[in-house]
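Shown here: upload13.tsv, TSV, C-alpha atoms.
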```
chain	number	residue	atom	x	y	z
A	193	MET	CA	58.21	138.40	130.76
A	194	PHE	CA	60.33	140.09	133.51
A	195	LYS	CA	57.31	141.54	135.30
A	196	SER	CA	58.26	140.61	138.85
A	197	LYS	CA	57.40	142.93	141.72
A	198	TYR	CA	58.98	146.36	141.63
A	199	GLN	CA	58.50	149.41	143.81
A	200	ILE	CA	58.27	153.09	142.86
A	201	VAL	CA	59.02	155.64	145.58
A	202	PHE	CA	58.25	159.24	144.71
A	203	PRO	CA	59.95	162.08	146.57
A	204	GLU	CA	58.31	162.58	149.96
A	205	GLY	CA	55.75	165.24	150.72
A	206	LEU	CA	54.31	165.83	147.25
A	207	ASP	CA	50.63	166.74	147.45
A	208	GLU	CA	48.24	167.39	144.55
A	209	PHE	CA	49.39	171.00	144.22
A	210	ASP	CA	53.04	169.89	144.12
A	211	TRP	CA	52.24	167.33	141.42
A	212	SER	CA	50.53	170.05	139.40
A	213	GLU	CA	53.71	172.14	139.70
A	214	VAL	CA	55.88	169.16	138.72
A	215	GLU	CA	53.77	168.59	135.63
A	216	ASN	CA	53.89	172.28	134.71
A	217	LYS	CA	57.67	172.53	135.04
A	218	GLY	CA	58.12	169.27	133.09
A	219	TRP	CA	60.59	167.40	135.29
A	220	ILE	CA	61.10	165.58	138.56
A	221	ASP	CA	64.24	164.19	140.16
A	222	GLY	CA	64.61	161.57	142.85
A	223	VAL	CA	62.08	158.94	141.78
A	224	ARG	CA	63.41	155.71	143.25
A	225	ILE	CA	62.77	152.32	141.64
A	226	SER	CA	63.62	149.03	143.36
A	227	TRP	CA	63.45	145.65	141.67
A	228	SER	CA	65.06	142.29	142.23
A	229	GLY	CA	67.62	143.59	144.74
A	230	LYS	CA	68.60	146.52	142.51
A	231	SER	CA	67.78	150.17	142.94
A	232	TRP	CA	67.81	153.23	140.69
A	233	THR	CA	67.20	156.91	141.18
A	234	LEU	CA	65.55	158.38	138.09
A	235	SER	CA	64.84	161.80	136.65
A	236	PHE	CA	61.76	162.19	134.47
A	237	PHE	CA	61.42	164.96	131.89
A	238	ASP	CA	58.67	165.70	129.45
A	239	GLU	CA	59.60	165.82	125.80
A	240	ASN	CA	59.57	169.62	125.75
A	241	ARG	CA	61.51	170.31	128.95
A	242	LEU	CA	64.48	168.02	128.27
A	243	PRO	CA	65.83	170.07	125.32
A	244	GLN	CA	65.63	173.17	127.52
A	245	ALA	CA	67.59	171.44	130.29
A	246	VAL	CA	70.19	170.29	127.76
A	247	ALA	CA	70.61	173.81	126.35
A	248	ILE	CA	70.93	175.34	129.83
A	249	ASP	CA	73.66	172.88	130.87
A	250	ILE	CA	75.55	173.30	127.60
A	251	ASP	CA	75.47	177.07	128.00
A	252	ARG	CA	76.50	176.85	131.65
A	253	MET	CA	79.03	173.98	131.61
A	254	GLY	CA	79.75	173.26	127.96
A	255	TYR	CA	78.16	169.81	128.04
A	256	PHE	CA	75.11	167.84	129.15
A	257	SER	CA	75.31	164.56	131.00
A	258	ALA	CA	72.60	162.72	132.86
A	259	ARG	CA	72.18	159.34	134.41
A	260	ASN	CA	68.93	157.40	134.22
A	261	VAL	CA	66.93	160.13	132.51
A	262	ILE	CA	63.52	159.02	131.31
A	263	VAL	CA	61.49	161.10	128.85
A	264	VAL	CA	57.71	160.89	128.94
A	265	ARG	CA	54.93	162.90	127.32
A	266	ARG	CA	53.79	164.35	130.64
A	267	VAL	CA	55.51	164.29	134.03
A	268	ALA	CA	52.61	162.98	136.08
A	269	ARG	CA	52.27	159.98	138.41
A	270	ASP	CA	50.21	157.96	135.94
A	271	GLU	CA	52.68	158.56	133.09
A	272	ILE	CA	55.64	157.70	135.32
A	273	ARG	CA	53.93	154.51	136.48
A	274	ARG	CA	53.17	153.57	132.87
A	275	ALA	CA	56.79	154.15	131.83
A	276	VAL	CA	58.15	152.16	134.78
A	277	SER	CA	55.77	149.30	133.97
A	278	ALA	CA	57.06	149.27	130.38
A	279	MET	CA	60.66	149.29	131.68
A	280	ALA	CA	59.79	146.39	134.01
A	281	ASP	CA	58.59	144.42	130.97
A	282	ARG	CA	62.17	144.72	129.67
A	283	GLY	CA	63.79	143.82	132.98
A	284	PHE	CA	64.91	147.45	133.48
A	285	ALA	CA	67.62	146.77	130.89
A	286	ASP	CA	67.97	150.47	130.03
A	287	LEU	CA	68.93	151.60	133.54
A	288	LEU	CA	72.27	151.94	135.27
A	289	ILE	CA	72.48	150.57	138.80
A	290	ASP	CA	73.15	153.16	141.52
```
Starting from the coordinates I provided, produce the structure as structure tokens.
Amino acid sequence: MFKSKYQIVFPEGLDEFDWSEVENKGWIDGVRISWSGKSWTLSFFDENRLPQAVAIDIDRMGYFSARNVIVVRRVARDEIRRAVSAMADRGFADLLID
């Protein structure tokens, strides 16, 4: 329906080893999505890592707040691409513009 051209830009300099580390730690920041003149910077967490990040921030600051956080089963390029494609189908309605 909304599936016009969008672009995903991953943080620069990530090689296969880095992606393995990203997947093992369960999160990545700074994934940039551009679509229809809009742009978002996203953070992706796996379903196990996000609760840990929430607990750490609550312990440290007393609250958790995050903008454009996307939760996927596995933080890997293919999973991120799949999630972004699904978001594109909805016109990126769930994201806040930077």
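Relative to atom CA of Gly205 of chain A, atom CA of Ser257 of chain A is found at 27.8 Å.
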Item to check | Exercise: Val223 of chain A partners within 10 Å, only C-alpha atoms, chain neighbours under 5 positions left out, as a list in words | outcome: Ile200, Val201, Phe202, Pro203, Glu204, Trp232, Thr233, Leu234, Ser235, Phe236 and Ile272 of chain A
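A straight line drawn from atom CA of Ala275 of chain A to atom CA of Lys197 of chain A is 15.0 Å long.
Among the candidate residues A:Asp238, A:Ile220, A:Gln199, A:Lys230, the one lying nearest to Arg266 of chain A is A:Asp238, with distances computed using only C-alpha atoms.
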Tell me which protein, DNA and RNA residues are within 12 Å of Ser212 of chain A, counting all atoms listed in the file, leaving out same-chain ones fewer than 4 positions away, and put them as a tab-separated table (two decimals) with C-alpha atoms, in the frame of the given file.
```
chain	number	residue	atom	x	y	z
A	206	LEU	CA	54.31	165.83	147.25
A	207	ASP	CA	50.63	166.74	147.45
A	208	GLU	CA	48.24	167.39	144.55
A	216	ASN	CA	53.89	172.28	134.71
A	217	LYS	CA	57.67	172.53	135.04
A	218	GLY	CA	58.12	169.27	133.09
A	219	TRP	CA	60.59	167.40	135.29
A	220	ILE	CA	61.10	165.58	138.56
A	266	ARG	CA	53.79	164.35	130.64
A	267	VAL	CA	55.51	164.29	134.03
A	268	ALA	CA	52.61	162.98	136.08
A	269	ARG	CA	52.27	159.98	138.41
```
Next on the checklist: as a PyMOL selection string, please: the residues near Ser277 of chain A (cut-off 12 Å, only C-alpha atoms, same-chain neighbours under 2 positions excluded).
Outcome noted: chain A and resi 193-200+225+227+270-275+279-284
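Between atom CA of Gln244 of chain A and atom CA of Val214 of chain A lies a distance of 15.4 Å.
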Is it possible to get the axis-aligned box enclosing segment 237-255 of chain A (all listed atoms, 5 Å extra per side) as JSON, with centre and edge lengths in Å rounded to one decimal?
```
{"center_x": 69.2, "center_y": 171.0, "center_z": 128.6, "size_x": 31.1, "size_y": 22.1, "size_z": 16.6}
```
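Take the candidates A:Leu242, A:Trp211, A:Val276, A:Asp286 and check each one against Ser226 of chain A using all atoms listed in the file; the shortest distance goes to A:Val276.
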